[in-house]
$ cat work_18.cif   # mmCIF, C-alpha atoms
data_data
#
loop_
_atom_site.group_PDB
_atom_site.id
_atom_site.type_symbol
_atom_site.label_atom_id
_atom_site.label_comp_id
_atom_site.auth_asym_id
_atom_site.auth_seq_id
_atom_site.Cartn_x
_atom_site.Cartn_y
_atom_site.Cartn_z
ATOM 1 C CA MET I 186 -26.476 -0.541 1.263
ATOM 2 C CA ALA I 187 -24.916 -2.601 4.008
ATOM 3 C CA ALA I 188 -24.368 -1.545 7.589
ATOM 4 C CA LEU I 189 -21.041 -2.422 9.179
ATOM 5 C CA THR I 190 -19.575 -1.750 12.573
ATOM 6 C CA LEU I 191 -15.825 -1.327 12.679
ATOM 7 C CA MET I 192 -13.817 -1.328 15.893
ATOM 8 C CA VAL I 193 -11.419 1.577 15.287
ATOM 9 C CA ASP I 194 -8.989 2.867 17.905
ATOM 10 C CA GLY I 195 -11.013 1.244 20.679
ATOM 11 C CA LYS I 196 -14.410 2.584 19.584
ATOM 12 C CA ALA I 197 -17.239 0.932 17.691
ATOM 13 C CA ARG I 198 -17.941 2.978 14.568
ATOM 14 C CA ALA I 199 -20.966 2.322 12.358
ATOM 15 C CA ILE I 200 -20.844 2.919 8.615
ATOM 16 C CA GLU I 201 -23.020 2.143 5.630
ATOM 17 C CA ILE I 202 -21.395 0.977 2.432
ATOM 18 C CA ASP I 203 -22.598 0.313 -1.096
ATOM 19 C CA ASP I 204 -19.711 -1.927 -2.088
ATOM 20 C CA PRO I 205 -18.368 -4.642 0.254
ATOM 21 C CA ASP I 206 -15.128 -4.607 -1.744
ATOM 22 C CA MET I 207 -14.511 -0.943 -0.908
ATOM 23 C CA PRO I 208 -10.984 -0.654 0.503
ATOM 24 C CA LEU I 209 -10.759 -0.222 4.258
ATOM 25 C CA LEU I 210 -8.712 2.912 3.563
ATOM 26 C CA TYR I 211 -11.717 4.581 1.933
ATOM 27 C CA ALA I 212 -13.999 3.628 4.803
ATOM 28 C CA LEU I 213 -11.557 5.100 7.328
ATOM 29 C CA ARG I 214 -10.873 8.311 5.428
ATOM 30 C CA GLU I 215 -14.192 9.016 3.725
ATOM 31 C CA GLU I 216 -16.818 7.415 5.928
ATOM 32 C CA LEU I 217 -15.149 7.959 9.320
ATOM 33 C CA GLU I 218 -13.236 11.109 8.298
ATOM 34 C CA LEU I 219 -9.918 9.972 9.783
ATOM 35 C CA ASN I 220 -6.789 11.785 8.591
ATOM 36 C CA ASN I 221 -4.641 8.690 8.934
ATOM 37 C CA PRO I 222 -3.936 6.437 7.180
ATOM 38 C CA ARG I 223 -2.976 8.170 3.945
ATOM 39 C CA PHE I 224 -3.569 7.300 0.321
ATOM 40 C CA GLY I 225 -0.225 6.712 -1.354
ATOM 41 C CA CYS I 226 -0.266 4.323 -4.275
ATOM 42 C CA GLY I 227 -3.549 2.412 -3.960
ATOM 43 C CA LEU I 228 -1.676 -0.818 -4.685
ATOM 44 C CA GLY I 229 -0.337 -1.755 -1.246
ATOM 45 C CA GLN I 230 3.204 -0.982 -2.324
ATOM 46 C CA CYS I 231 4.205 2.228 -0.512
ATOM 47 C CA GLY I 232 2.835 1.701 3.008
ATOM 48 C CA ALA I 233 1.235 5.126 3.570
ATOM 49 C CA CYS I 234 -2.111 3.420 4.234
ATOM 50 C CA THR I 235 -0.864 1.006 6.919
ATOM 51 C CA VAL I 236 -3.068 0.243 9.925
ATOM 52 C CA HIS I 237 -2.943 -2.512 12.506
ATOM 53 C CA ILE I 238 -5.606 -5.186 12.393
ATOM 54 C CA ASP I 239 -5.425 -7.177 15.605
ATOM 55 C CA GLY I 240 -1.854 -5.920 15.965
ATOM 56 C CA ALA I 241 -0.590 -6.880 12.511
ATOM 57 C CA ALA I 242 0.477 -4.208 10.020
ATOM 58 C CA VAL I 243 -1.926 -4.284 7.052
ATOM 59 C CA ARG I 244 -2.100 -2.153 3.921
ATOM 60 C CA SER I 245 -5.633 -0.760 4.133
ATOM 61 C CA CYS I 246 -5.799 0.283 0.472
ATOM 62 C CA THR I 247 -6.009 -3.368 -0.603
ATOM 63 C CA MET I 248 -8.045 -4.770 2.323
ATOM 64 C CA PRO I 249 -11.780 -4.936 1.536
ATOM 65 C CA VAL I 250 -13.730 -3.345 4.374
ATOM 66 C CA SER I 251 -16.053 -6.356 4.458
ATOM 67 C CA ALA I 252 -13.084 -8.634 5.247
ATOM 68 C CA VAL I 253 -12.280 -6.859 8.518
ATOM 69 C CA GLY I 254 -15.232 -8.229 10.467
ATOM 70 C CA ALA I 255 -15.002 -7.757 14.234
ATOM 71 C CA ARG I 256 -11.212 -7.467 14.303
ATOM 72 C CA LYS I 257 -9.666 -4.441 16.007
ATOM 73 C CA ILE I 258 -8.299 -1.680 13.781
ATOM 74 C CA THR I 259 -5.680 0.677 15.149
ATOM 75 C CA THR I 260 -4.663 3.798 13.265
ATOM 76 C CA LEU I 261 -1.731 6.091 13.936
ATOM 77 C CA ALA I 262 -4.054 8.265 16.020
ATOM 78 C CA GLY I 263 -4.923 5.281 18.221
ATOM 79 C CA LEU I 264 -1.352 4.061 18.650
ATOM 80 C CA GLY I 265 -0.442 6.616 21.297
ATOM 81 C CA MET I 266 -1.749 9.806 22.823
ATOM 82 C CA PRO I 267 -0.021 13.216 22.833
ATOM 83 C CA GLU I 268 0.488 12.936 26.593
ATOM 84 C CA LYS I 269 1.734 9.324 26.287
ATOM 85 C CA PRO I 270 3.020 8.593 22.783
ATOM 86 C CA HIS I 271 3.969 5.119 21.643
ATOM 87 C CA PRO I 272 7.755 4.526 21.946
ATOM 88 C CA VAL I 273 8.078 4.575 18.141
ATOM 89 C CA GLN I 274 6.294 7.928 17.972
ATOM 90 C CA SER I 275 8.620 9.335 20.636
ATOM 91 C CA ALA I 276 11.683 7.995 18.842
ATOM 92 C CA TRP I 277 10.496 9.511 15.555
ATOM 93 C CA ILE I 278 10.398 12.918 17.226
ATOM 94 C CA GLU I 279 13.719 12.459 19.025
ATOM 95 C CA GLU I 280 15.481 11.364 15.819
ATOM 96 C CA GLN I 281 13.749 14.130 13.805
ATOM 97 C CA VAL I 282 12.817 11.608 11.140
ATOM 98 C CA SER I 283 9.957 13.356 9.409
ATOM 99 C CA GLN I 284 10.417 15.863 6.647
ATOM 100 C CA CYS I 285 7.199 16.131 4.657
ATOM 101 C CA ALA I 286 5.603 13.466 6.937
ATOM 102 C CA TYR I 287 3.313 12.065 4.254
ATOM 103 C CA CYS I 288 4.677 8.547 4.687
ATOM 104 C CA ILE I 289 5.021 8.692 8.494
ATOM 105 C CA ASN I 290 1.872 6.640 9.014
ATOM 106 C CA GLY I 291 3.253 3.574 7.246
ATOM 107 C CA TRP I 292 6.683 3.739 8.824
ATOM 108 C CA ILE I 293 5.480 4.157 12.404
ATOM 109 C CA MET I 294 2.696 1.585 12.138
ATOM 110 C CA THR I 295 5.007 -0.970 10.524
ATOM 111 C CA ALA I 296 7.749 -0.329 13.097
ATOM 112 C CA ALA I 297 5.296 -0.608 15.999
ATOM 113 C CA ALA I 298 4.014 -3.959 14.679
ATOM 114 C CA LEU I 299 7.607 -5.177 14.331
ATOM 115 C CA LEU I 300 8.466 -4.217 17.909
ATOM 116 C CA ALA I 301 5.277 -5.823 19.220
ATOM 117 C CA ARG I 302 6.304 -9.194 17.796
ATOM 118 C CA ASN I 303 10.087 -8.724 18.180
ATOM 119 C CA PRO I 304 10.939 -6.197 20.937
ATOM 120 C CA HIS I 305 14.684 -6.237 20.231
ATOM 121 C CA PRO I 306 15.248 -6.686 16.493
ATOM 122 C CA ASN I 307 18.720 -6.523 15.013
ATOM 123 C CA ASP I 308 19.593 -4.184 12.150
ATOM 124 C CA ALA I 309 18.858 -6.795 9.480
ATOM 125 C CA GLU I 310 15.409 -7.533 10.962
ATOM 126 C CA ILE I 311 14.563 -3.823 11.079
ATOM 127 C CA LYS I 312 15.673 -3.319 7.475
ATOM 128 C CA GLU I 313 13.676 -6.337 6.338
ATOM 129 C CA ALA I 314 10.509 -5.213 8.144
ATOM 130 C CA LEU I 315 10.722 -1.675 6.742
ATOM 131 C CA GLY I 316 12.227 -2.630 3.384
ATOM 132 C CA ASP I 317 9.147 -2.195 1.236
ATOM 133 C CA LEU I 318 8.128 1.216 2.586
ATOM 134 C CA ILE I 319 8.677 4.307 0.494
ATOM 135 C CA CYS I 320 9.853 7.719 1.695
ATOM 136 C CA ARG I 321 10.436 10.132 -1.125
ATOM 137 C CA CYS I 322 12.284 12.516 1.225
ATOM 138 C CA GLY I 323 14.950 9.890 1.827
ATOM 139 C CA THR I 324 14.690 9.627 5.623
ATOM 140 C CA HIS I 325 15.331 5.878 5.609
ATOM 141 C CA ASN I 326 18.482 6.007 7.763
ATOM 142 C CA ALA I 327 16.834 8.269 10.339
ATOM 143 C CA ALA I 328 13.850 5.894 10.424
ATOM 144 C CA LEU I 329 16.139 2.944 11.121
ATOM 145 C CA ARG I 330 17.772 4.890 13.980
ATOM 146 C CA ALA I 331 14.337 5.698 15.405
ATOM 147 C CA VAL I 332 13.276 2.048 15.416
ATOM 148 C CA LYS I 333 16.503 1.085 17.179
ATOM 149 C CA ARG I 334 15.907 3.869 19.735
ATOM 150 C CA ALA I 335 12.344 2.680 20.341
ATOM 151 C CA ALA I 336 13.577 -0.898 20.801
ATOM 152 C CA GLN I 337 16.143 0.255 23.347
ATOM 153 C CA ALA I 338 13.459 2.201 25.241
ATOM 154 C CA ALA I 339 11.304 -0.921 25.621
#
$ encode --input "work_18.cif" --output "structure tokens"
Amino acid sequence: MAALTLMVDGKARAIEIDDPDMPLLYALREELELNNPRFGCGLGQCGACTVHIDGAAVRSCTMPVSAVGARKITTLAGLGMPEKPHPVQSAWIEEQVSQCAYCINGWIMTAAALLARNPHPNDAEIKEALGDLICRCGTHNAALRAVKRAAQAA
């Protein structure tokens, strides 16, 4: 057993793990009982598990929890608050992007990381940043519109 302290959504959270190679996703969902991120593919291919680590979008299903160290983890819940949502969260609502909403975590977290490093991306940059995310409902075009709306709001 190893004790770790993770900085999640601005709070220090202590966990004990048996396996240092346990994916960060499992630590967040099972040990800390967070509803986001989601398990999608377990291979880092779909994006449902995306979190920010020090502001960068990272697939938590392939990141060993022991590799996080003291870096700051932000989940979808820590991105914005209901009374003051992140611009991407607001745009998602305004564009009515979500259908089943299973993949929403990956799309919003990836879009927010894009806008943090490039506040006014063009269409090609948005498509490239979101290109490897999967939405089985087919809301890709609405997602692109939401990212453009969020960029315009900034």
$ atom_distance --input "work_18.cif" --atom1 "atom CA of I:Glu279" --atom2 "atom CA of I:Ala336"
13.5 Å
$ atom_distance --input "work_18.cif" --atom1 "atom CA of I:Asp204" --atom2 "atom CA of I:Ala187"
8.0 Å
$ atom_distance --input "work_18.cif" --atom1 "atom CA of I:Lys269" --atom2 "atom CA of I:Ile289"
18.1 Å
$ resolve_selection --input "work_18.cif" --expression "the PyMOL selection byres ((chain I and resi 299-302) around 8)" --output "list in words"
Gly240, Thr295, Ala296, Ala297, Ala298, Asn303, Pro304, His305, Pro306, Ile311, Ala314 and Ala336 of chain I
$ closest_residue --input "work_18.cif" --among "I:Val250, I:Arg198, I:Ile319, I:Gly232" --to "I:Ala212" --atoms "all atoms listed in the file"
I:Val250
$ axis_aligned_box --input "work_18.cif" --around "stretch 321-334 of chain I" --padding-each-side "4 Å" --output "lines of an AutoDock Vina configuration file"
center_x = 14.5
center_y = 6.8
center_z = 9.3
size_x = 16.0
size_y = 19.4
size_z = 28.9
$ resolve_selection --input "work_18.cif" --expression "the PyMOL selection byres ((chain I and resi 329) around 12)" --output "number ranges by chain"
I: 273, 276-277, 280-282, 292-293, 295-296, 306-316, 318, 323-328, 330-336
$ write_last_selection --input "work_18.cif" --atoms "C-alpha atoms" --output "compact mmCIF listing (two decimals), in the frame of the given file"
# COMPACT_ATOMS: atom_id res chain seq x y z
CA VAL I 273 8.08 4.58 18.14
CA ALA I 276 11.68 8.00 18.84
CA TRP I 277 10.50 9.51 15.56
CA GLU I 280 15.48 11.36 15.82
CA GLN I 281 13.75 14.13 13.80
CA VAL I 282 12.82 11.61 11.14
CA TRP I 292 6.68 3.74 8.82
CA ILE I 293 5.48 4.16 12.40
CA THR I 295 5.01 -0.97 10.52
CA ALA I 296 7.75 -0.33 13.10
CA PRO I 306 15.25 -6.69 16.49
CA ASN I 307 18.72 -6.52 15.01
CA ASP I 308 19.59 -4.18 12.15
CA ALA I 309 18.86 -6.80 9.48
CA GLU I 310 15.41 -7.53 10.96
CA ILE I 311 14.56 -3.82 11.08
CA LYS I 312 15.67 -3.32 7.48
CA GLU I 313 13.68 -6.34 6.34
CA ALA I 314 10.51 -5.21 8.14
CA LEU I 315 10.72 -1.68 6.74
CA GLY I 316 12.23 -2.63 3.38
CA LEU I 318 8.13 1.22 2.59
CA GLY I 323 14.95 9.89 1.83
CA THR I 324 14.69 9.63 5.62
CA HIS I 325 15.33 5.88 5.61
CA ASN I 326 18.48 6.01 7.76
CA ALA I 327 16.83 8.27 10.34
CA ALA I 328 13.85 5.89 10.42
CA ARG I 330 17.77 4.89 13.98
CA ALA I 331 14.34 5.70 15.40
CA VAL I 332 13.28 2.05 15.42
CA LYS I 333 16.50 1.08 17.18
CA ARG I 334 15.91 3.87 19.74
CA ALA I 335 12.34 2.68 20.34
CA ALA I 336 13.58 -0.90 20.80
$ residues_around --input "work_18.cif" --residues "I:Met207" --least-positions-apart "5" --cutoff "10 Å" --atoms "only C-alpha atoms" --output "mmCIF file with C-alpha atoms, in the frame of the given file"
data_model
loop_
_atom_site.group_PDB
_atom_site.id
_atom_site.type_symbol
_atom_site.label_atom_id
_atom_site.label_comp_id
_atom_site.auth_asym_id
_atom_site.auth_seq_id
_atom_site.Cartn_x
_atom_site.Cartn_y
_atom_site.Cartn_z
ATOM 1 C CA ILE I 202 -21.395 0.977 2.432
ATOM 2 C CA ALA I 212 -13.999 3.628 4.803
ATOM 3 C CA CYS I 246 -5.799 0.283 0.472
ATOM 4 C CA THR I 247 -6.009 -3.368 -0.603
ATOM 5 C CA MET I 248 -8.045 -4.770 2.323
ATOM 6 C CA PRO I 249 -11.780 -4.936 1.536
ATOM 7 C CA VAL I 250 -13.730 -3.345 4.374
ATOM 8 C CA SER I 251 -16.053 -6.356 4.458
ATOM 9 C CA ALA I 252 -13.084 -8.634 5.247
#
$ resolve_selection --input "work_18.cif" --expression "the PyMOL selection byres ((chain I and resi 259) around 7)" --output "PyMOL selection string"
chain I and resi 193-194+236-238+257-258+260-261+263-264
$ closest_residue --input "work_18.cif" --among "I:Met294, I:Ala197, I:Cys234, I:Met192" --to "I:Leu210" --atoms "all atoms listed in the file"
I:Cys234
$ residues_near_point --input "work_18.cif" --point "(-2.1, -1.1, -1.7)" --cutoff "10 Å" --atoms "only C-alpha atoms" --output "mmCIF file with C-alpha atoms, in the coordinates of the input"
data_model
loop_
_atom_site.group_PDB
_atom_site.id
_atom_site.type_symbol
_atom_site.label_atom_id
_atom_site.label_comp_id
_atom_site.auth_asym_id
_atom_site.auth_seq_id
_atom_site.Cartn_x
_atom_site.Cartn_y
_atom_site.Cartn_z
ATOM 1 C CA PRO I 208 -10.984 -0.654 0.503
ATOM 2 C CA LEU I 210 -8.712 2.912 3.563
ATOM 3 C CA PHE I 224 -3.569 7.300 0.321
ATOM 4 C CA GLY I 225 -0.225 6.712 -1.354
ATOM 5 C CA CYS I 226 -0.266 4.323 -4.275
ATOM 6 C CA GLY I 227 -3.549 2.412 -3.960
ATOM 7 C CA LEU I 228 -1.676 -0.818 -4.685
ATOM 8 C CA GLY I 229 -0.337 -1.755 -1.246
ATOM 9 C CA GLN I 230 3.204 -0.982 -2.324
ATOM 10 C CA CYS I 231 4.205 2.228 -0.512
ATOM 11 C CA GLY I 232 2.835 1.701 3.008
ATOM 12 C CA ALA I 233 1.235 5.126 3.570
ATOM 13 C CA CYS I 234 -2.111 3.420 4.234
ATOM 14 C CA THR I 235 -0.864 1.006 6.919
ATOM 15 C CA VAL I 243 -1.926 -4.284 7.052
ATOM 16 C CA ARG I 244 -2.100 -2.153 3.921
ATOM 17 C CA SER I 245 -5.633 -0.760 4.133
ATOM 18 C CA CYS I 246 -5.799 0.283 0.472
ATOM 19 C CA THR I 247 -6.009 -3.368 -0.603
ATOM 20 C CA MET I 248 -8.045 -4.770 2.323
#
$ decode --input "work_18.cif" --residues "stretch 318-336 of chain I" --atoms "N, CA, C and O atoms" --output "mmCIF file, in the first residue's frame"
data_model
loop_
_atom_site.group_PDB
_atom_site.id
_atom_site.type_symbol
_atom_site.label_atom_id
_atom_site.label_comp_id
_atom_site.auth_asym_id
_atom_site.auth_seq_id
_atom_site.Cartn_x
_atom_site.Cartn_y
_atom_site.Cartn_z
ATOM 1 N N LEU I 318 -11.381 12.687 -30.860
ATOM 2 C CA LEU I 318 -12.440 12.407 -29.892
ATOM 3 C C LEU I 318 -13.579 11.665 -30.577
ATOM 4 O O LEU I 318 -13.828 11.843 -31.770
ATOM 5 N N ILE I 319 -14.274 10.859 -29.816
ATOM 6 C CA ILE I 319 -15.364 10.070 -30.371
ATOM 7 C C ILE I 319 -16.683 10.468 -29.710
ATOM 8 O O ILE I 319 -16.782 10.542 -28.492
ATOM 9 N N CYS I 320 -17.685 10.723 -30.548
ATOM 10 C CA CYS I 320 -19.059 10.923 -30.093
ATOM 11 C C CYS I 320 -19.925 9.998 -30.935
ATOM 12 O O CYS I 320 -20.064 10.205 -32.139
ATOM 13 N N ARG I 321 -20.487 9.026 -30.303
ATOM 14 C CA ARG I 321 -21.290 8.054 -31.047
ATOM 15 C C ARG I 321 -22.652 8.623 -31.449
ATOM 16 O O ARG I 321 -23.333 8.066 -32.288
ATOM 17 N N CYS I 322 -23.047 9.741 -30.833
ATOM 18 C CA CYS I 322 -24.316 10.386 -31.203
ATOM 19 C C CYS I 322 -24.159 11.251 -32.445
ATOM 20 O O CYS I 322 -25.153 11.694 -33.016
ATOM 21 N N GLY I 323 -22.938 11.554 -32.829
ATOM 22 C CA GLY I 323 -22.699 12.329 -34.028
ATOM 23 C C GLY I 323 -22.877 13.831 -33.856
ATOM 24 O O GLY I 323 -23.288 14.519 -34.779
ATOM 25 N N THR I 324 -22.516 14.368 -32.689
ATOM 26 C CA THR I 324 -22.688 15.799 -32.444
ATOM 27 C C THR I 324 -21.442 16.603 -32.798
ATOM 28 O O THR I 324 -21.269 17.722 -32.326
ATOM 29 N N HIS I 325 -20.602 16.066 -33.650
ATOM 30 C CA HIS I 325 -19.332 16.711 -33.984
ATOM 31 C C HIS I 325 -19.499 18.146 -34.494
ATOM 32 O O HIS I 325 -18.785 19.045 -34.067
ATOM 33 N N ASN I 326 -20.426 18.374 -35.406
ATOM 34 C CA ASN I 326 -20.605 19.725 -35.953
ATOM 35 C C ASN I 326 -21.087 20.700 -34.892
ATOM 36 O O ASN I 326 -20.639 21.847 -34.844
ATOM 37 N N ALA I 327 -21.989 20.264 -34.030
ATOM 38 C CA ALA I 327 -22.457 21.127 -32.940
ATOM 39 C C ALA I 327 -21.314 21.428 -31.973
ATOM 40 O O ALA I 327 -21.201 22.537 -31.453
ATOM 41 N N ALA I 328 -20.447 20.448 -31.737
ATOM 42 C CA ALA I 328 -19.294 20.662 -30.859
ATOM 43 C C ALA I 328 -18.356 21.708 -31.452
ATOM 44 O O ALA I 328 -17.858 22.583 -30.732
ATOM 45 N N LEU I 329 -18.115 21.638 -32.742
ATOM 46 C CA LEU I 329 -17.262 22.629 -33.396
ATOM 47 C C LEU I 329 -17.869 24.027 -33.263
ATOM 48 O O LEU I 329 -17.151 25.005 -32.992
ATOM 49 N N ARG I 330 -19.181 24.138 -33.451
ATOM 50 C CA ARG I 330 -19.849 25.443 -33.282
ATOM 51 C C ARG I 330 -19.702 25.946 -31.848
ATOM 52 O O ARG I 330 -19.494 27.143 -31.620
ATOM 53 N N ALA I 331 -19.797 25.053 -30.890
ATOM 54 C CA ALA I 331 -19.675 25.463 -29.481
ATOM 55 C C ALA I 331 -18.284 25.985 -29.176
ATOM 56 O O ALA I 331 -18.129 26.973 -28.460
ATOM 57 N N VAL I 332 -17.264 25.346 -29.708
ATOM 58 C CA VAL I 332 -15.890 25.812 -29.468
ATOM 59 C C VAL I 332 -15.700 27.194 -30.101
ATOM 60 O O VAL I 332 -15.103 28.084 -29.500
ATOM 61 N N LYS I 333 -16.215 27.382 -31.290
ATOM 62 C CA LYS I 333 -16.120 28.698 -31.932
ATOM 63 C C LYS I 333 -16.856 29.750 -31.110
ATOM 64 O O LYS I 333 -16.371 30.864 -30.938
ATOM 65 N N ARG I 334 -18.025 29.392 -30.572
ATOM 66 C CA ARG I 334 -18.789 30.332 -29.730
ATOM 67 C C ARG I 334 -18.003 30.679 -28.475
ATOM 68 O O ARG I 334 -17.942 31.842 -28.079
ATOM 69 N N ALA I 335 -17.408 29.689 -27.844
ATOM 70 C CA ALA I 335 -16.615 29.931 -26.633
ATOM 71 C C ALA I 335 -15.422 30.814 -26.942
ATOM 72 O O ALA I 335 -15.072 31.704 -26.150
ATOM 73 N N ALA I 336 -14.793 30.608 -28.093
ATOM 74 C CA ALA I 336 -13.643 31.446 -28.479
ATOM 75 C C ALA I 336 -14.069 32.881 -28.709
ATOM 76 O O ALA I 336 -13.348 33.822 -28.347
#
